[in-house]
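Visitor: Encoded as structure tokens, here's the structure I'll be asking about.
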Amino acid sequence: MEISHSCDWTRTSFLPPFQFIMTIHHIILYKFKPEATPEQRQSVKDAANALASQIPEIQSLVTGETVFNPRGHGYDAGVIFLFESTVTLSEYRVHKAHVDYQAFSAPYLEDKLIFDIETA
């Protein structure tokens, strides 16, 4: 029995058998001003949700209220955006709809914390 070890190098790809697709998680925690009404808080959440239809770089997003945690530092709500890359995150940051959202939400916010992570 003869075993052939020949290889047709013209048809062999040198690409890795798999590629990692990285995702950027853009996490924002909101601390509302004490005087912000429930309607104003909801309007900030609704405006964040609307960004997905206005900014094509956003792959997806989720918003929500905090579940009490004694180490939560008083943050009330948050949003998590998913982006394909740091490039699309950068495009989002300067997009007019995002800039407008920041101006709209600022009067209701005492503080916000932004944390970006890259995952495979």
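Chain labels run A, B, ... following the order of the structure tokens; each chain numbers its residues from 1, and ligands are numbered from 1 in the order shown.
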I want to know what sits within 8 Å of A:Lys112, based on only C-alpha atoms, with residues of the same chain fewer than 2 positions away left out; could you give that as a ChimeraX atom specification?
Guide: /A:28-31,75,109-110,114
Visitor: Can I get the selection written as a JSON list (two decimals), in the first residue's frame, with N, CA, C and O atoms?
Guide:
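As written to disk, selection30.json reads:
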```
[["chain", "number", "residue", "atom", "x", "y", "z"],
["A", 28, "ILE", "N", -22.52, 51.91, 29.46],
["A", 28, "ILE", "CA", -22.71, 53.22, 30.09],
["A", 28, "ILE", "C", -23.64, 53.04, 31.28],
["A", 28, "ILE", "O", -24.73, 52.48, 31.14],
["A", 29, "LEU", "N", -23.20, 53.51, 32.44],
["A", 29, "LEU", "CA", -24.03, 53.50, 33.64],
["A", 29, "LEU", "C", -24.45, 54.94, 33.92],
["A", 29, "LEU", "O", -23.63, 55.86, 33.84],
["A", 30, "TYR", "N", -25.73, 55.11, 34.25],
["A", 30, "TYR", "CA", -26.30, 56.44, 34.51],
["A", 30, "TYR", "C", -26.65, 56.59, 35.98],
["A", 30, "TYR", "O", -27.24, 55.70, 36.58],
["A", 31, "LYS", "N", -26.34, 57.76, 36.51],
["A", 31, "LYS", "CA", -26.81, 58.16, 37.83],
["A", 31, "LYS", "C", -27.66, 59.41, 37.59],
["A", 31, "LYS", "O", -27.14, 60.47, 37.22],
["A", 75, "TYR", "N", -25.57, 54.04, 40.82],
["A", 75, "TYR", "CA", -25.99, 54.13, 39.42],
["A", 75, "TYR", "C", -27.38, 53.53, 39.28],
["A", 75, "TYR", "O", -27.68, 52.49, 39.86],
["A", 109, "LEU", "N", -28.83, 63.91, 34.16],
["A", 109, "LEU", "CA", -27.81, 63.03, 34.72],
["A", 109, "LEU", "C", -26.90, 63.76, 35.70],
["A", 109, "LEU", "O", -26.37, 64.83, 35.41],
["A", 110, "GLU", "N", -26.70, 63.12, 36.84],
["A", 110, "GLU", "CA", -25.73, 63.60, 37.82],
["A", 110, "GLU", "C", -24.34, 63.10, 37.47],
["A", 110, "GLU", "O", -23.35, 63.79, 37.66],
["A", 114, "ILE", "N", -18.52, 55.27, 31.78],
["A", 114, "ILE", "CA", -18.43, 54.60, 30.49],
["A", 114, "ILE", "C", -17.26, 53.65, 30.54],
["A", 114, "ILE", "O", -16.15, 54.00, 30.96]]
```
Visitor: Would you list, as a PyMOL selection string, the residues of chain A that end up in strand (DSSP E or B) under DSSP run on this structure's backbone?
Guide: chain A and resi 23-32+60-65+77-83+109-119
Visitor: Include N, CA and C atoms and write out the residues we just selected as a tab-separated table (two decimals), in the first residue's frame.
Guide:
```tsv
chain	number	residue	atom	x	y	z
A	23	THR	N	-15.82	41.73	19.41
A	23	THR	CA	-16.97	42.61	19.61
A	23	THR	C	-16.60	43.61	20.68
A	24	ILE	N	-16.99	44.85	20.47
A	24	ILE	CA	-16.79	45.90	21.46
A	24	ILE	C	-18.11	46.09	22.21
A	25	HIS	N	-18.03	46.00	23.54
A	25	HIS	CA	-19.17	46.26	24.42
A	25	HIS	C	-18.95	47.65	25.01
A	26	HIS	N	-19.81	48.56	24.64
A	26	HIS	CA	-19.74	49.95	25.10
A	26	HIS	C	-20.79	50.07	26.20
A	27	ILE	N	-20.34	50.13	27.45
A	27	ILE	CA	-21.22	50.06	28.61
A	27	ILE	C	-21.29	51.44	29.26
A	28	ILE	N	-22.52	51.91	29.46
A	28	ILE	CA	-22.71	53.22	30.09
A	28	ILE	C	-23.64	53.04	31.28
A	29	LEU	N	-23.20	53.51	32.44
A	29	LEU	CA	-24.03	53.50	33.64
A	29	LEU	C	-24.45	54.94	33.92
A	30	TYR	N	-25.73	55.11	34.25
A	30	TYR	CA	-26.30	56.44	34.51
A	30	TYR	C	-26.65	56.59	35.98
A	31	LYS	N	-26.34	57.76	36.51
A	31	LYS	CA	-26.81	58.16	37.83
A	31	LYS	C	-27.66	59.41	37.59
A	32	PHE	N	-28.97	59.26	37.75
A	32	PHE	CA	-29.87	60.37	37.51
A	32	PHE	C	-29.83	61.38	38.66
A	60	SER	N	-26.27	46.13	18.17
A	60	SER	CA	-27.43	45.92	19.04
A	60	SER	C	-27.21	46.70	20.32
A	61	LEU	N	-28.28	46.80	21.10
A	61	LEU	CA	-28.17	47.46	22.39
A	61	LEU	C	-29.24	46.94	23.32
A	62	VAL	N	-28.97	47.06	24.61
A	62	VAL	CA	-29.95	46.75	25.65
A	62	VAL	C	-29.88	47.86	26.68
A	63	THR	N	-31.04	48.18	27.25
A	63	THR	CA	-31.11	49.17	28.31
A	63	THR	C	-31.83	48.53	29.50
A	64	GLY	N	-31.57	49.06	30.67
A	64	GLY	CA	-32.26	48.52	31.83
A	64	GLY	C	-31.98	49.33	33.09
A	65	GLU	N	-32.81	49.05	34.09
A	65	GLU	CA	-32.67	49.66	35.41
A	65	GLU	C	-31.77	48.76	36.26
A	77	ALA	N	-29.31	53.20	36.14
A	77	ALA	CA	-29.69	52.53	34.89
A	77	ALA	C	-28.45	52.41	34.02
A	78	GLY	N	-28.62	51.69	32.92
A	78	GLY	CA	-27.49	51.54	32.03
A	78	GLY	C	-27.91	51.11	30.65
A	79	VAL	N	-26.95	51.18	29.76
A	79	VAL	CA	-27.15	50.73	28.38
A	79	VAL	C	-25.86	50.05	27.95
A	80	ILE	N	-26.01	48.97	27.19
A	80	ILE	CA	-24.87	48.27	26.62
A	80	ILE	C	-25.05	48.24	25.11
A	81	PHE	N	-24.11	48.84	24.41
A	81	PHE	CA	-24.10	48.85	22.95
A	81	PHE	C	-23.08	47.82	22.48
A	82	LEU	N	-23.36	47.16	21.36
A	82	LEU	CA	-22.39	46.26	20.75
A	82	LEU	C	-21.95	46.85	19.42
A	83	PHE	N	-20.62	46.83	19.20
A	83	PHE	CA	-20.03	47.33	17.97
A	83	PHE	C	-19.09	46.27	17.41
A	109	LEU	N	-28.83	63.91	34.16
A	109	LEU	CA	-27.81	63.03	34.72
A	109	LEU	C	-26.90	63.76	35.70
A	110	GLU	N	-26.70	63.12	36.84
A	110	GLU	CA	-25.73	63.60	37.82
A	110	GLU	C	-24.34	63.10	37.47
A	111	ASP	N	-24.29	61.88	36.93
A	111	ASP	CA	-23.00	61.26	36.61
A	111	ASP	C	-23.24	60.13	35.63
A	112	LYS	N	-22.20	59.77	34.91
A	112	LYS	CA	-22.24	58.56	34.10
A	112	LYS	C	-20.85	57.95	34.07
A	113	LEU	N	-20.83	56.64	33.93
A	113	LEU	CA	-19.60	55.89	33.87
A	113	LEU	C	-19.59	55.13	32.55
A	114	ILE	N	-18.52	55.27	31.78
A	114	ILE	CA	-18.43	54.60	30.49
A	114	ILE	C	-17.26	53.65	30.54
A	115	PHE	N	-17.51	52.41	30.09
A	115	PHE	CA	-16.51	51.35	30.15
A	115	PHE	C	-16.63	50.55	28.88
A	116	ASP	N	-15.55	50.44	28.11
A	116	ASP	CA	-15.54	49.70	26.86
A	116	ASP	C	-14.65	48.46	27.01
A	117	ILE	N	-15.17	47.31	26.58
A	117	ILE	CA	-14.36	46.10	26.58
A	117	ILE	C	-14.46	45.43	25.23
A	118	GLU	N	-13.40	44.70	24.89
A	118	GLU	CA	-13.36	43.94	23.65
A	118	GLU	C	-13.39	42.47	24.01
A	119	THR	N	-14.29	41.74	23.35
A	119	THR	CA	-14.42	40.31	23.63
A	119	THR	C	-14.37	39.52	22.33
```
Visitor: Can you pull out every residue within 12 Å of A:Tyr101, counting only C-alpha atoms, but drop anything in the same chain fewer than 5 positions away, and send it as a PDB file with N, CA, C and O atoms, in the first residue's frame?
Guide:
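Result file follows (selection-v5.pdb):
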```
ATOM      1  N   SER A  43     -37.599  58.882  29.251  1.00  0.00           N
ATOM      2  CA  SER A  43     -37.254  59.527  27.973  1.00  0.00           C
ATOM      3  C   SER A  43     -35.785  59.319  27.626  1.00  0.00           C
ATOM      4  O   SER A  43     -35.442  59.170  26.453  1.00  0.00           O
ATOM      5  N   VAL A  44     -34.917  59.276  28.630  1.00  0.00           N
ATOM      6  CA  VAL A  44     -33.497  59.003  28.380  1.00  0.00           C
ATOM      7  C   VAL A  44     -33.340  57.579  27.860  1.00  0.00           C
ATOM      8  O   VAL A  44     -32.617  57.329  26.884  1.00  0.00           O
ATOM      9  N   LYS A  45     -34.034  56.641  28.479  1.00  0.00           N
ATOM     10  CA  LYS A  45     -33.987  55.241  28.042  1.00  0.00           C
ATOM     11  C   LYS A  45     -34.552  55.100  26.624  1.00  0.00           C
ATOM     12  O   LYS A  45     -33.959  54.434  25.773  1.00  0.00           O
ATOM     13  N   ASP A  46     -35.695  55.730  26.366  1.00  0.00           N
ATOM     14  CA  ASP A  46     -36.305  55.650  25.031  1.00  0.00           C
ATOM     15  C   ASP A  46     -35.391  56.250  23.964  1.00  0.00           C
ATOM     16  O   ASP A  46     -35.266  55.702  22.858  1.00  0.00           O
ATOM     17  N   ALA A  47     -34.764  57.367  24.297  1.00  0.00           N
ATOM     18  CA  ALA A  47     -33.853  58.009  23.337  1.00  0.00           C
ATOM     19  C   ALA A  47     -32.640  57.118  23.063  1.00  0.00           C
ATOM     20  O   ALA A  47     -32.172  57.033  21.926  1.00  0.00           O
ATOM     21  N   ALA A  48     -32.140  56.432  24.084  1.00  0.00           N
ATOM     22  CA  ALA A  48     -31.023  55.498  23.873  1.00  0.00           C
ATOM     23  C   ALA A  48     -31.444  54.365  22.959  1.00  0.00           C
ATOM     24  O   ALA A  48     -30.722  53.995  22.025  1.00  0.00           O
ATOM     25  N   ASN A  49     -32.624  53.801  23.210  1.00  0.00           N
ATOM     26  CA  ASN A  49     -33.119  52.716  22.357  1.00  0.00           C
ATOM     27  C   ASN A  49     -33.297  53.155  20.910  1.00  0.00           C
ATOM     28  O   ASN A  49     -33.082  52.373  19.986  1.00  0.00           O
ATOM     29  N   ALA A  50     -33.665  54.405  20.701  1.00  0.00           N
ATOM     30  CA  ALA A  50     -33.878  54.923  19.346  1.00  0.00           C
ATOM     31  C   ALA A  50     -32.573  55.050  18.561  1.00  0.00           C
ATOM     32  O   ALA A  50     -32.591  55.069  17.320  1.00  0.00           O
ATOM     33  N   LEU A  51     -31.452  55.125  19.245  1.00  0.00           N
ATOM     34  CA  LEU A  51     -30.170  55.280  18.546  1.00  0.00           C
ATOM     35  C   LEU A  51     -29.875  54.126  17.598  1.00  0.00           C
ATOM     36  O   LEU A  51     -29.234  54.305  16.567  1.00  0.00           O
ATOM     37  N   ALA A  52     -30.357  52.927  17.932  1.00  0.00           N
ATOM     38  CA  ALA A  52     -30.089  51.759  17.078  1.00  0.00           C
ATOM     39  C   ALA A  52     -30.649  51.935  15.674  1.00  0.00           C
ATOM     40  O   ALA A  52     -30.079  51.428  14.710  1.00  0.00           O
ATOM     41  N   GLN A  54     -30.962  54.864  14.225  1.00  0.00           N
ATOM     42  CA  GLN A  54     -30.390  56.082  13.652  1.00  0.00           C
ATOM     43  C   GLN A  54     -28.905  55.959  13.314  1.00  0.00           C
ATOM     44  O   GLN A  54     -28.392  56.727  12.500  1.00  0.00           O
ATOM     45  N   ILE A  55     -28.231  55.024  13.964  1.00  0.00           N
ATOM     46  CA  ILE A  55     -26.785  54.904  13.797  1.00  0.00           C
ATOM     47  C   ILE A  55     -26.479  53.483  13.330  1.00  0.00           C
ATOM     48  O   ILE A  55     -26.552  52.535  14.113  1.00  0.00           O
ATOM     49  N   TYR A  92     -19.470  55.920  15.765  1.00  0.00           N
ATOM     50  CA  TYR A  92     -20.653  56.165  16.601  1.00  0.00           C
ATOM     51  C   TYR A  92     -20.448  57.393  17.482  1.00  0.00           C
ATOM     52  O   TYR A  92     -21.354  58.218  17.625  1.00  0.00           O
ATOM     53  N   ARG A  93     -19.278  57.506  18.063  1.00  0.00           N
ATOM     54  CA  ARG A  93     -19.024  58.594  19.019  1.00  0.00           C
ATOM     55  C   ARG A  93     -19.228  59.978  18.410  1.00  0.00           C
ATOM     56  O   ARG A  93     -19.656  60.899  19.100  1.00  0.00           O
ATOM     57  N   VAL A  94     -18.926  60.140  17.132  1.00  0.00           N
ATOM     58  CA  VAL A  94     -19.054  61.462  16.499  1.00  0.00           C
ATOM     59  C   VAL A  94     -20.341  61.605  15.685  1.00  0.00           C
ATOM     60  O   VAL A  94     -20.595  62.680  15.126  1.00  0.00           O
ATOM     61  N   HIS A  95     -21.143  60.560  15.634  1.00  0.00           N
ATOM     62  CA  HIS A  95     -22.396  60.612  14.863  1.00  0.00           C
ATOM     63  C   HIS A  95     -23.326  61.662  15.474  1.00  0.00           C
ATOM     64  O   HIS A  95     -23.457  61.779  16.691  1.00  0.00           O
ATOM     65  N   LYS A  96     -23.980  62.427  14.614  1.00  0.00           N
ATOM     66  CA  LYS A  96     -24.856  63.506  15.071  1.00  0.00           C
ATOM     67  C   LYS A  96     -25.936  63.012  16.030  1.00  0.00           C
ATOM     68  O   LYS A  96     -26.236  63.670  17.038  1.00  0.00           O
ATOM     69  N   ALA A 106     -28.041  64.957  29.173  1.00  0.00           N
ATOM     70  CA  ALA A 106     -27.173  65.619  30.160  1.00  0.00           C
ATOM     71  C   ALA A 106     -27.931  66.341  31.279  1.00  0.00           C
ATOM     72  O   ALA A 106     -27.531  66.231  32.446  1.00  0.00           O
ATOM     73  N   PRO A 107     -29.007  67.071  31.005  1.00  0.00           N
ATOM     74  CA  PRO A 107     -29.690  67.788  32.093  1.00  0.00           C
ATOM     75  C   PRO A 107     -30.284  66.873  33.165  1.00  0.00           C
ATOM     76  O   PRO A 107     -30.543  67.327  34.279  1.00  0.00           O
ATOM     77  N   TYR A 108     -30.489  65.609  32.853  1.00  0.00           N
ATOM     78  CA  TYR A 108     -31.116  64.682  33.797  1.00  0.00           C
ATOM     79  C   TYR A 108     -30.094  63.839  34.560  1.00  0.00           C
ATOM     80  O   TYR A 108     -30.461  63.126  35.492  1.00  0.00           O
TER      81      TYR A 108
END
```
